[in-house]
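> File name coords29.cif; file contents mmCIF, C-alpha atoms and all ligand atoms; full text below.
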```cif
data_target
#
loop_
_atom_site.group_PDB
_atom_site.id
_atom_site.type_symbol
_atom_site.label_atom_id
_atom_site.label_comp_id
_atom_site.auth_asym_id
_atom_site.auth_seq_id
_atom_site.Cartn_x
_atom_site.Cartn_y
_atom_site.Cartn_z
ATOM 1 C CA MET A 1 166.543 -38.622 90.014
ATOM 2 C CA GLN A 2 167.163 -40.747 93.131
ATOM 3 C CA ASP A 3 164.142 -39.078 94.776
ATOM 4 C CA MET A 4 161.871 -40.826 92.259
ATOM 5 C CA PHE A 5 162.855 -44.199 93.710
ATOM 6 C CA ASP A 6 162.878 -43.073 97.347
ATOM 7 C CA LEU A 7 160.319 -44.930 99.529
ATOM 8 C CA THR A 8 161.054 -43.107 102.789
ATOM 9 C CA ASN A 9 157.892 -42.914 104.972
ATOM 10 C CA LYS A 10 156.062 -45.394 102.724
ATOM 11 C CA VAL A 11 154.365 -48.488 104.181
ATOM 12 C CA ALA A 12 154.605 -51.674 102.125
ATOM 13 C CA VAL A 13 152.403 -54.698 102.800
ATOM 14 C CA ILE A 14 153.944 -57.866 101.393
ATOM 15 C CA THR A 15 152.474 -61.359 101.563
ATOM 16 C CA GLY A 16 154.627 -64.492 101.910
ATOM 17 C CA CYS A 17 157.896 -62.756 102.779
ATOM 18 C CA ASN A 18 159.447 -65.224 105.244
ATOM 19 C CA THR A 19 161.544 -66.708 102.425
ATOM 20 C CA GLY A 20 162.344 -66.632 98.690
ATOM 21 C CA LEU A 21 161.327 -63.804 96.376
ATOM 22 C CA GLY A 22 159.088 -62.233 99.035
ATOM 23 C CA GLN A 23 162.016 -61.890 101.406
ATOM 24 C CA GLY A 24 164.192 -60.418 98.641
ATOM 25 C CA MET A 25 161.512 -57.852 97.777
ATOM 26 C CA ALA A 26 160.854 -56.929 101.423
ATOM 27 C CA VAL A 27 164.553 -56.211 101.926
ATOM 28 C CA ALA A 28 164.749 -54.189 98.685
ATOM 29 C CA LEU A 29 161.729 -52.066 99.640
ATOM 30 C CA ALA A 30 163.272 -51.476 103.076
ATOM 31 C CA GLN A 31 166.591 -50.501 101.462
ATOM 32 C CA ALA A 32 164.652 -47.908 99.456
ATOM 33 C CA GLY A 33 163.199 -46.557 102.733
ATOM 34 C CA ALA A 34 159.857 -48.338 103.284
ATOM 35 C CA ASP A 35 158.535 -49.808 106.521
ATOM 36 C CA ILE A 36 157.304 -53.362 105.994
ATOM 37 C CA VAL A 37 154.128 -55.165 107.040
ATOM 38 C CA GLY A 38 154.963 -58.842 106.455
ATOM 39 C CA VAL A 39 151.962 -61.167 106.092
ATOM 40 C CA ASN A 40 152.912 -64.794 106.656
ATOM 41 C CA ARG A 41 151.665 -68.120 107.913
ATOM 42 C CA SER A 42 155.261 -69.089 108.885
ATOM 43 C CA ASP A 43 157.728 -67.354 111.188
ATOM 44 C CA PRO A 44 159.135 -64.260 109.385
ATOM 45 C CA SER A 45 161.905 -63.546 111.925
ATOM 46 C CA SER A 46 164.789 -63.840 109.436
ATOM 47 C CA THR A 47 163.112 -61.250 107.157
ATOM 48 C CA GLN A 48 162.301 -59.096 110.174
ATOM 49 C CA ALA A 49 166.001 -59.080 111.130
ATOM 50 C CA LEU A 50 167.069 -58.151 107.577
ATOM 51 C CA VAL A 51 164.544 -55.285 107.399
ATOM 52 C CA LYS A 52 165.577 -53.957 110.807
ATOM 53 C CA LYS A 53 169.213 -54.086 109.687
ATOM 54 C CA GLN A 54 168.213 -51.491 107.075
ATOM 55 C CA GLY A 55 166.949 -49.253 109.894
ATOM 56 C CA ARG A 56 163.286 -49.812 108.938
ATOM 57 C CA ARG A 57 160.314 -51.053 110.946
ATOM 58 C CA PHE A 58 158.795 -54.522 110.417
ATOM 59 C CA HIS A 59 155.300 -55.406 111.617
ATOM 60 C CA SER A 60 154.409 -59.094 111.444
ATOM 61 C CA VAL A 61 150.862 -60.228 110.646
ATOM 62 C CA ILE A 62 150.297 -63.962 110.900
ATOM 63 C CA ALA A 63 147.516 -64.869 108.461
ATOM 64 C CA ASP A 64 146.483 -67.589 106.050
ATOM 65 C CA MET A 65 146.522 -66.080 102.563
ATOM 66 C CA SER A 66 143.937 -68.559 101.288
ATOM 67 C CA LYS A 67 141.012 -67.085 103.250
ATOM 68 C CA VAL A 68 139.223 -64.048 101.847
ATOM 69 C CA GLU A 69 137.962 -62.980 105.288
ATOM 70 C CA THR A 70 141.555 -62.256 106.360
ATOM 71 C CA THR A 71 142.097 -59.545 103.728
ATOM 72 C CA LYS A 72 140.338 -56.692 105.551
ATOM 73 C CA LEU A 73 141.883 -57.759 108.874
ATOM 74 C CA VAL A 74 145.366 -57.617 107.322
ATOM 75 C CA ILE A 75 144.874 -54.099 105.946
ATOM 76 C CA ASP A 76 143.257 -52.919 109.206
ATOM 77 C CA GLU A 77 146.192 -54.314 111.194
ATOM 78 C CA ALA A 78 148.691 -52.608 108.902
ATOM 79 C CA VAL A 79 146.879 -49.288 109.377
ATOM 80 C CA THR A 80 146.747 -49.762 113.152
ATOM 81 C CA ALA A 81 150.494 -50.493 113.208
ATOM 82 C CA PHE A 82 151.803 -47.789 110.858
ATOM 83 C CA GLY A 83 148.863 -45.402 110.313
ATOM 84 C CA LYS A 84 148.378 -46.013 106.571
ATOM 85 C CA VAL A 85 149.332 -48.221 103.617
ATOM 86 C CA ASP A 86 151.047 -47.181 100.367
ATOM 87 C CA ILE A 87 152.272 -50.330 98.622
ATOM 88 C CA LEU A 88 150.857 -53.865 98.322
ATOM 89 C CA VAL A 89 152.935 -56.755 96.991
ATOM 90 C CA ASN A 90 150.781 -59.842 96.335
ATOM 91 C CA ASN A 91 153.595 -62.367 96.484
ATOM 92 C CA ALA A 92 152.279 -65.424 98.406
ATOM 93 C CA GLY A 93 151.874 -68.314 96.003
ATOM 94 C CA ILE A 94 151.844 -72.085 95.818
ATOM 95 C CA ILE A 95 152.353 -74.698 93.128
ATOM 96 C CA ARG A 96 151.121 -78.320 92.816
ATOM 97 C CA ARG A 97 152.597 -80.688 90.271
ATOM 98 C CA ASN A 98 150.803 -83.688 88.783
ATOM 99 C CA ASP A 99 149.875 -85.040 85.351
ATOM 100 C CA SER A 100 146.806 -83.168 84.121
ATOM 101 C CA ILE A 101 144.994 -86.476 83.633
ATOM 102 C CA ASP A 102 145.264 -87.209 87.381
ATOM 103 C CA PHE A 103 144.997 -83.620 88.695
ATOM 104 C CA THR A 104 142.622 -83.319 91.670
ATOM 105 C CA GLU A 105 140.003 -80.705 92.463
ATOM 106 C CA GLU A 106 141.842 -79.969 95.712
ATOM 107 C CA ASP A 107 145.075 -79.158 93.861
ATOM 108 C CA TRP A 108 143.068 -76.961 91.517
ATOM 109 C CA ASP A 109 141.177 -75.054 94.242
ATOM 110 C CA ASP A 110 144.088 -74.617 96.682
ATOM 111 C CA VAL A 111 146.306 -73.033 94.029
ATOM 112 C CA MET A 112 143.587 -70.853 92.506
ATOM 113 C CA ASP A 113 142.556 -69.582 95.964
ATOM 114 C CA VAL A 114 146.038 -68.409 97.029
ATOM 115 C CA ASN A 115 147.443 -67.384 93.646
ATOM 116 C CA VAL A 116 144.597 -65.489 92.040
ATOM 117 C CA LYS A 117 141.444 -65.200 94.186
ATOM 118 C CA MET A 118 143.422 -63.736 97.103
ATOM 119 C CA VAL A 119 145.333 -61.406 94.782
ATOM 120 C CA PHE A 120 142.010 -59.886 93.813
ATOM 121 C CA PHE A 121 140.517 -59.618 97.309
ATOM 122 C CA MET A 122 143.744 -58.365 98.955
ATOM 123 C CA SER A 123 143.965 -55.737 96.220
ATOM 124 C CA GLN A 124 140.323 -54.782 96.731
ATOM 125 C CA ALA A 125 140.837 -54.328 100.506
ATOM 126 C CA PHE A 126 143.989 -52.266 99.828
ATOM 127 C CA ALA A 127 142.260 -50.122 97.170
ATOM 128 C CA LYS A 128 139.372 -49.345 99.557
ATOM 129 C CA GLN A 129 141.914 -48.147 102.125
ATOM 130 C CA ILE A 130 143.781 -45.991 99.584
ATOM 131 C CA ILE A 131 140.498 -44.377 98.525
ATOM 132 C CA ALA A 132 139.565 -43.782 102.195
ATOM 133 C CA GLN A 133 143.032 -42.304 102.889
ATOM 134 C CA GLN A 134 142.746 -40.064 99.797
ATOM 135 C CA SER A 135 146.294 -40.950 98.826
ATOM 136 C CA THR A 136 147.999 -42.756 95.944
ATOM 137 C CA GLY A 137 148.971 -46.421 96.030
ATOM 138 C CA ASN A 138 150.956 -49.069 94.190
ATOM 139 C CA ILE A 139 149.913 -52.700 93.804
ATOM 140 C CA ILE A 140 152.455 -55.179 92.463
ATOM 141 C CA ASN A 141 151.331 -58.729 91.667
ATOM 142 C CA ILE A 142 153.675 -61.626 91.091
ATOM 143 C CA ALA A 143 152.986 -63.392 87.817
ATOM 144 C CA SER A 144 155.186 -66.049 86.146
ATOM 145 C CA MET A 145 156.539 -67.341 82.849
ATOM 146 C CA LEU A 146 153.369 -69.452 82.991
ATOM 147 C CA SER A 147 151.368 -66.254 82.564
ATOM 148 C CA TYR A 148 152.595 -66.576 78.953
ATOM 149 C CA GLN A 149 153.319 -70.274 78.465
ATOM 150 C CA GLY A 150 151.515 -73.541 79.193
ATOM 151 C CA GLY A 151 153.966 -75.315 81.487
ATOM 152 C CA ILE A 152 154.019 -79.039 82.162
ATOM 153 C CA ARG A 153 152.078 -80.842 84.938
ATOM 154 C CA VAL A 154 151.001 -77.572 86.593
ATOM 155 C CA PRO A 155 147.518 -76.817 85.157
ATOM 156 C CA SER A 156 146.192 -74.860 88.145
ATOM 157 C CA TYR A 157 149.416 -72.866 88.516
ATOM 158 C CA THR A 158 149.377 -71.905 84.822
ATOM 159 C CA SER A 159 145.706 -70.945 85.039
ATOM 160 C CA SER A 160 146.265 -68.891 88.176
ATOM 161 C CA LYS A 161 149.304 -67.013 86.860
ATOM 162 C CA SER A 162 147.668 -66.398 83.465
ATOM 163 C CA GLY A 163 144.774 -65.018 85.526
ATOM 164 C CA VAL A 164 147.136 -62.721 87.444
ATOM 165 C CA LEU A 165 148.277 -61.114 84.174
ATOM 166 C CA GLY A 166 144.692 -60.389 83.095
ATOM 167 C CA LEU A 167 143.628 -59.306 86.573
ATOM 168 C CA THR A 168 146.545 -56.847 86.712
ATOM 169 C CA ARG A 169 145.224 -55.162 83.567
ATOM 170 C CA SER A 170 141.627 -55.314 84.777
ATOM 171 C CA MET A 171 142.314 -53.706 88.167
ATOM 172 C CA ALA A 172 144.611 -51.093 86.563
ATOM 173 C CA ASN A 173 141.787 -50.043 84.230
ATOM 174 C CA GLU A 174 139.395 -49.370 87.107
ATOM 175 C CA TRP A 175 141.733 -47.987 89.755
ATOM 176 C CA ALA A 176 144.110 -45.704 87.820
ATOM 177 C CA GLN A 177 141.429 -43.020 88.295
ATOM 178 C CA HIS A 178 141.926 -43.355 92.071
ATOM 179 C CA GLY A 179 145.697 -42.833 91.818
ATOM 180 C CA ILE A 180 146.431 -46.542 92.177
ATOM 181 C CA ASN A 181 149.026 -48.116 89.888
ATOM 182 C CA VAL A 182 148.502 -51.845 89.410
ATOM 183 C CA ASN A 183 151.372 -53.696 87.732
ATOM 184 C CA ALA A 184 153.058 -57.088 87.961
ATOM 185 C CA ILE A 185 156.435 -58.776 87.798
ATOM 186 C CA ALA A 186 156.770 -62.091 85.994
ATOM 187 C CA PRO A 187 159.834 -63.817 87.446
ATOM 188 C CA GLY A 188 161.603 -66.370 85.302
ATOM 189 C CA TYR A 189 163.134 -69.497 86.810
ATOM 190 C CA MET A 190 164.337 -68.404 90.250
ATOM 191 C CA ALA A 191 166.225 -70.449 92.855
ATOM 192 C CA THR A 192 163.641 -70.683 95.702
ATOM 193 C CA ASN A 193 161.525 -73.388 97.403
ATOM 194 C CA ASN A 194 159.022 -73.040 94.535
ATOM 195 C CA THR A 195 161.509 -74.503 92.031
ATOM 196 C CA GLN A 196 163.313 -76.972 94.348
ATOM 197 C CA ALA A 197 161.718 -79.970 92.573
ATOM 198 C CA LEU A 198 162.810 -78.670 89.145
ATOM 199 C CA ARG A 199 166.343 -77.959 90.312
ATOM 200 C CA ASP A 200 166.560 -81.425 91.911
ATOM 201 C CA ASP A 201 165.624 -83.041 88.572
ATOM 202 C CA GLU A 202 168.922 -83.033 86.671
ATOM 203 C CA GLY A 203 167.315 -83.450 83.246
ATOM 204 C CA ARG A 204 164.779 -80.635 83.679
ATOM 205 C CA SER A 205 167.340 -78.389 85.359
ATOM 206 C CA THR A 206 169.812 -78.718 82.444
ATOM 207 C CA GLU A 207 166.994 -78.188 79.940
ATOM 208 C CA ILE A 208 165.822 -75.008 81.723
ATOM 209 C CA LEU A 209 169.311 -73.538 82.201
ATOM 210 C CA GLY A 210 170.059 -74.239 78.533
ATOM 211 C CA ARG A 211 167.417 -71.782 77.361
ATOM 212 C CA ILE A 212 168.061 -68.936 79.826
ATOM 213 C CA PRO A 213 170.179 -66.407 77.902
ATOM 214 C CA ALA A 214 171.655 -65.077 81.171
ATOM 215 C CA GLY A 215 172.914 -68.629 81.806
ATOM 216 C CA ARG A 216 171.824 -68.904 85.453
ATOM 217 C CA TRP A 217 168.794 -69.278 87.714
ATOM 218 C CA GLY A 218 167.440 -65.973 89.007
ATOM 219 C CA THR A 219 167.754 -64.950 92.662
ATOM 220 C CA PRO A 220 165.586 -62.964 95.103
ATOM 221 C CA GLU A 221 168.075 -60.080 94.689
ATOM 222 C CA ASP A 222 167.223 -59.903 90.965
ATOM 223 C CA MET A 223 163.742 -58.672 91.984
ATOM 224 C CA ALA A 224 165.141 -55.625 93.843
ATOM 225 C CA GLY A 225 165.334 -53.042 91.031
ATOM 226 C CA PRO A 226 161.996 -53.915 89.382
ATOM 227 C CA ILE A 227 160.037 -53.997 92.677
ATOM 228 C CA VAL A 228 161.391 -50.608 93.810
ATOM 229 C CA PHE A 229 160.618 -49.142 90.366
ATOM 230 C CA LEU A 230 157.014 -50.388 90.411
ATOM 231 C CA ALA A 231 156.524 -49.308 94.056
ATOM 232 C CA SER A 232 157.838 -45.772 93.518
ATOM 233 C CA GLU A 233 157.018 -42.476 91.799
ATOM 234 C CA ALA A 234 159.356 -43.532 88.999
ATOM 235 C CA SER A 235 156.533 -45.700 87.580
ATOM 236 C CA ARG A 236 153.640 -43.265 88.179
ATOM 237 C CA TYR A 237 152.470 -43.442 84.501
ATOM 238 C CA VAL A 238 152.939 -47.251 84.217
ATOM 239 C CA HIS A 239 149.589 -49.042 84.548
ATOM 240 C CA GLY A 240 148.513 -52.640 83.959
ATOM 241 C CA TYR A 241 151.908 -53.813 82.756
ATOM 242 C CA THR A 242 153.785 -57.005 83.614
ATOM 243 C CA ILE A 243 157.594 -56.808 83.616
ATOM 244 C CA ALA A 244 159.441 -60.056 82.970
ATOM 245 C CA VAL A 245 162.494 -60.566 85.190
ATOM 246 C CA ASP A 246 163.612 -63.734 83.495
ATOM 247 C CA GLY A 247 167.238 -63.586 82.345
ATOM 248 C CA GLY A 248 165.863 -63.343 78.807
ATOM 249 C CA TRP A 249 163.737 -66.542 78.879
ATOM 250 C CA LEU A 250 160.813 -64.984 76.983
ATOM 251 C CA ALA A 251 163.100 -63.381 74.419
ATOM 252 C CA ARG A 252 164.477 -66.769 73.395
HETATM 253 P P1 LIG A 301 158.439 -69.850 98.026
HETATM 254 O O1 LIG A 301 159.824 -69.785 98.540
HETATM 255 O O2 LIG A 301 157.686 -71.136 98.056
HETATM 256 O O3 LIG A 301 157.571 -68.692 98.721
HETATM 257 C C1 LIG A 301 156.173 -68.637 98.658
HETATM 258 C C2 LIG A 301 155.687 -67.778 99.798
HETATM 259 O O4 LIG A 301 154.250 -67.779 99.819
HETATM 260 C C3 LIG A 301 156.136 -68.317 101.150
HETATM 261 O O5 LIG A 301 156.381 -67.246 102.017
HETATM 262 C C4 LIG A 301 154.897 -69.069 101.588
HETATM 263 O O6 LIG A 301 154.810 -69.299 102.974
HETATM 264 C C5 LIG A 301 153.822 -68.117 101.127
HETATM 265 N N1 LIG A 301 152.507 -68.712 101.153
HETATM 266 C C6 LIG A 301 152.040 -69.720 100.392
HETATM 267 N N2 LIG A 301 150.774 -70.029 100.749
HETATM 268 C C7 LIG A 301 150.445 -69.182 101.771
HETATM 269 C C8 LIG A 301 149.275 -69.000 102.564
HETATM 270 N N3 LIG A 301 148.183 -69.765 102.416
HETATM 271 N N4 LIG A 301 149.286 -68.036 103.519
HETATM 272 C C9 LIG A 301 150.393 -67.259 103.703
HETATM 273 N N5 LIG A 301 151.529 -67.394 102.975
HETATM 274 C C10 LIG A 301 151.542 -68.348 102.021
HETATM 275 O O7 LIG A 301 158.451 -69.465 96.495
HETATM 276 P P2 LIG A 301 158.903 -68.132 95.717
HETATM 277 O O8 LIG A 301 159.551 -68.593 94.496
HETATM 278 O O9 LIG A 301 159.597 -67.178 96.595
HETATM 279 O O10 LIG A 301 157.469 -67.594 95.313
HETATM 280 C C11 LIG A 301 157.040 -66.253 95.497
HETATM 281 C C12 LIG A 301 156.077 -65.898 94.375
HETATM 282 O O11 LIG A 301 156.777 -65.895 93.135
HETATM 283 C C13 LIG A 301 154.917 -66.901 94.215
HETATM 284 O O12 LIG A 301 153.742 -66.211 93.859
HETATM 285 C C14 LIG A 301 155.408 -67.745 93.036
HETATM 286 O O13 LIG A 301 154.352 -68.351 92.352
HETATM 287 C C15 LIG A 301 156.092 -66.688 92.205
HETATM 288 N N6 LIG A 301 157.039 -67.173 91.202
HETATM 289 C C16 LIG A 301 158.145 -67.874 91.558
HETATM 290 C C17 LIG A 301 159.025 -68.298 90.554
HETATM 291 C C18 LIG A 301 160.269 -69.080 90.833
HETATM 292 O O14 LIG A 301 160.933 -69.505 89.893
HETATM 293 N N7 LIG A 301 160.656 -69.292 92.072
HETATM 294 C C19 LIG A 301 158.760 -67.999 89.221
HETATM 295 C C20 LIG A 301 157.620 -67.278 88.920
HETATM 296 C C21 LIG A 301 156.782 -66.865 89.905
HETATM 297 P P3 LIG A 301 155.377 -70.694 103.606
HETATM 298 O O15 LIG A 301 156.861 -70.516 103.708
HETATM 299 O O16 LIG A 301 154.668 -70.771 104.910
HETATM 300 O O17 LIG A 301 154.996 -71.789 102.654
#
```
Starting from the coordinates I provided, produce the structure as structure tokens.
Ligand code: NAP

Amino acid sequence: MQDMFDLTNKVAVITGCNTGLGQGMAVALAQAGADIVGVNRSDPSSTQALVKKQGRRFHSVIADMSKVETTKLVIDEAVTAFGKVDILVNNAGIIRRNDSIDFTEEDWDDVMDVNVKMVFFMSQAFAKQIIAQQSTGNIINIASMLSYQGGIRVPSYTSSKSGVLGLTRSMANEWAQHGINVNAIAPGYMATNNTQALRDDEGRSTEILGRIPAGRWGTPEDMAGPIVFLASEASRYVHGYTIAVDGGWLAR
């Protein structure tokens, strides 16, 4: 049974892994045996050290995950470094908060570019490589509770993450025939930079904690089991599905 979750000799490309959920998932994939290609705009040395501690290799690619032209370069660099790719985790994401009535075009475009447009074009570059390699592959996108709910003061984030849920299904429909599993994880309210503003707001923080059945904010470590499952043979017949890792938020 353990073999089904074993990622030994697999190469995982993960975007935005210098911190937060991306770092947690990079470490989990390394613990399961994968070598990691970390794609970041900021210094990933703390993640690199954690991956190496697991006895796995870490190749750093410095790239801006808002520019479509970088997608092919990232995959090509991963292949040059480790010879192939097996797993893609589209984790890099941003959020902008403002009243919808005042929301700017810039805050709309910046968020949509990183959170959904790049998810598509990174996945496309990865899928082309998997087809060229004649191997199987696993794509895992990072969705959100706002793939299901409206949210407050985050119209572009909600639109982008709702888009990620649909895009996950859409890509799964076309690429299952090539041996590519496309799935997503929808994290609940997790303690990272992304939610610092919410956690700093005592009123909102109490309100949010009050409706999480598990009674706590999630952590990067809570992503470990689900990411290894969706990256491994254990999920070979799972396509186009989004798993909520939310302490029960959606069940409430
Ligand atoms: P985070 O700590 O802010 O991490 C976001 C990551 O994305 C960072 O590594 C960040 O790099 C990177 N990134 C953003 N824009 C980039 C760009 N243009 N180029 C390269 N990297 C870029 O937040 P997180 O919570 O771990 O978020 C990870 C993912 O989970 C995001 O997609 C987020 O939307 C999603 N999510 C988070 C929660 C939550 O409660 N925390 C809930 C649902 C979904 P820098 O460090 O350089 O900014």
> Show me which residues are within 7 Å of ligand LIG 301 (chain A) counting all atoms listed in the file, and format the list as a ChimeraX atom specification.
/A:15-22,39-42,63-66,91-95,114-115,142-145,186-195
> Of the candidates A:Ile139, A:Leu50, A:Phe121, A:Val116, which shows the shortest atom-to-atom distance to Glu69 of chain A, using only C-alpha atoms?
A:Phe121
> Do you know which residues lie at most 12 Å from (157.4, -58.3, 88.6), with coordinates as in the file and only C-alpha atoms counted, and could you write them as a PyMOL selection string?
chain A and resi 21-22+25+89-91+139-145+147+164-165+168+182-188+220+222-231+240-246
> Those selected residues, please, written with C-alpha atoms and delivered as an mmCIF file, in the coordinates of the input.

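Below you can see part14.cif, which holds the result:
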```cif
data_model
loop_
_atom_site.group_PDB
_atom_site.id
_atom_site.type_symbol
_atom_site.label_atom_id
_atom_site.label_comp_id
_atom_site.auth_asym_id
_atom_site.auth_seq_id
_atom_site.Cartn_x
_atom_site.Cartn_y
_atom_site.Cartn_z
ATOM 1 C CA LEU A 21 161.327 -63.804 96.376
ATOM 2 C CA GLY A 22 159.088 -62.233 99.035
ATOM 3 C CA MET A 25 161.512 -57.852 97.777
ATOM 4 C CA VAL A 89 152.935 -56.755 96.991
ATOM 5 C CA ASN A 90 150.781 -59.842 96.335
ATOM 6 C CA ASN A 91 153.595 -62.367 96.484
ATOM 7 C CA ILE A 139 149.913 -52.700 93.804
ATOM 8 C CA ILE A 140 152.455 -55.179 92.463
ATOM 9 C CA ASN A 141 151.331 -58.729 91.667
ATOM 10 C CA ILE A 142 153.675 -61.626 91.091
ATOM 11 C CA ALA A 143 152.986 -63.392 87.817
ATOM 12 C CA SER A 144 155.186 -66.049 86.146
ATOM 13 C CA MET A 145 156.539 -67.341 82.849
ATOM 14 C CA SER A 147 151.368 -66.254 82.564
ATOM 15 C CA VAL A 164 147.136 -62.721 87.444
ATOM 16 C CA LEU A 165 148.277 -61.114 84.174
ATOM 17 C CA THR A 168 146.545 -56.847 86.712
ATOM 18 C CA VAL A 182 148.502 -51.845 89.410
ATOM 19 C CA ASN A 183 151.372 -53.696 87.732
ATOM 20 C CA ALA A 184 153.058 -57.088 87.961
ATOM 21 C CA ILE A 185 156.435 -58.776 87.798
ATOM 22 C CA ALA A 186 156.770 -62.091 85.994
ATOM 23 C CA PRO A 187 159.834 -63.817 87.446
ATOM 24 C CA GLY A 188 161.603 -66.370 85.302
ATOM 25 C CA PRO A 220 165.586 -62.964 95.103
ATOM 26 C CA ASP A 222 167.223 -59.903 90.965
ATOM 27 C CA MET A 223 163.742 -58.672 91.984
ATOM 28 C CA ALA A 224 165.141 -55.625 93.843
ATOM 29 C CA GLY A 225 165.334 -53.042 91.031
ATOM 30 C CA PRO A 226 161.996 -53.915 89.382
ATOM 31 C CA ILE A 227 160.037 -53.997 92.677
ATOM 32 C CA VAL A 228 161.391 -50.608 93.810
ATOM 33 C CA PHE A 229 160.618 -49.142 90.366
ATOM 34 C CA LEU A 230 157.014 -50.388 90.411
ATOM 35 C CA ALA A 231 156.524 -49.308 94.056
ATOM 36 C CA GLY A 240 148.513 -52.640 83.959
ATOM 37 C CA TYR A 241 151.908 -53.813 82.756
ATOM 38 C CA THR A 242 153.785 -57.005 83.614
ATOM 39 C CA ILE A 243 157.594 -56.808 83.616
ATOM 40 C CA ALA A 244 159.441 -60.056 82.970
ATOM 41 C CA VAL A 245 162.494 -60.566 85.190
ATOM 42 C CA ASP A 246 163.612 -63.734 83.495
#
```
> I'd like the residues picked by the PyMOL selection byres (((chain A and resi 56) around 8) and not hetatm) written out as number ranges by chain, using the chain letters and numbers from the file.
A: 30, 33-36, 51-55, 57-58
> Pick out the closest residue to Asn98 of chain A from this set: A:Ala78, A:Met122, A:Ala26, A:Val154. Count all atoms listed in the file.
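With all atoms listed in the file as the atom set, the closest residue is A:Val154.
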> So, counting only C-alpha atoms, which residue among A:Glu105, A:Met4, A:Val13, A:Gly247 is closest to Arg216 of chain A?
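Smallest separation from Arg216 of chain A among the options: A:Gly247.
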> Using all atoms listed in the file, find the one residue out of A:Thr8, A:Gln196, A:Ser123, A:Thr136 that sits nearest to Gln177 of chain A.
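Result for the nearest residue to Gln177 of chain A: A:Thr136.
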> With all atoms listed in the file as the atoms that count, which of A:Arg97, A:Trp249, A:Gly83, A:Asp3 lies nearest to Gln149 of chain A?
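The answer is A:Trp249, which sits nearest to Gln149 of chain A.
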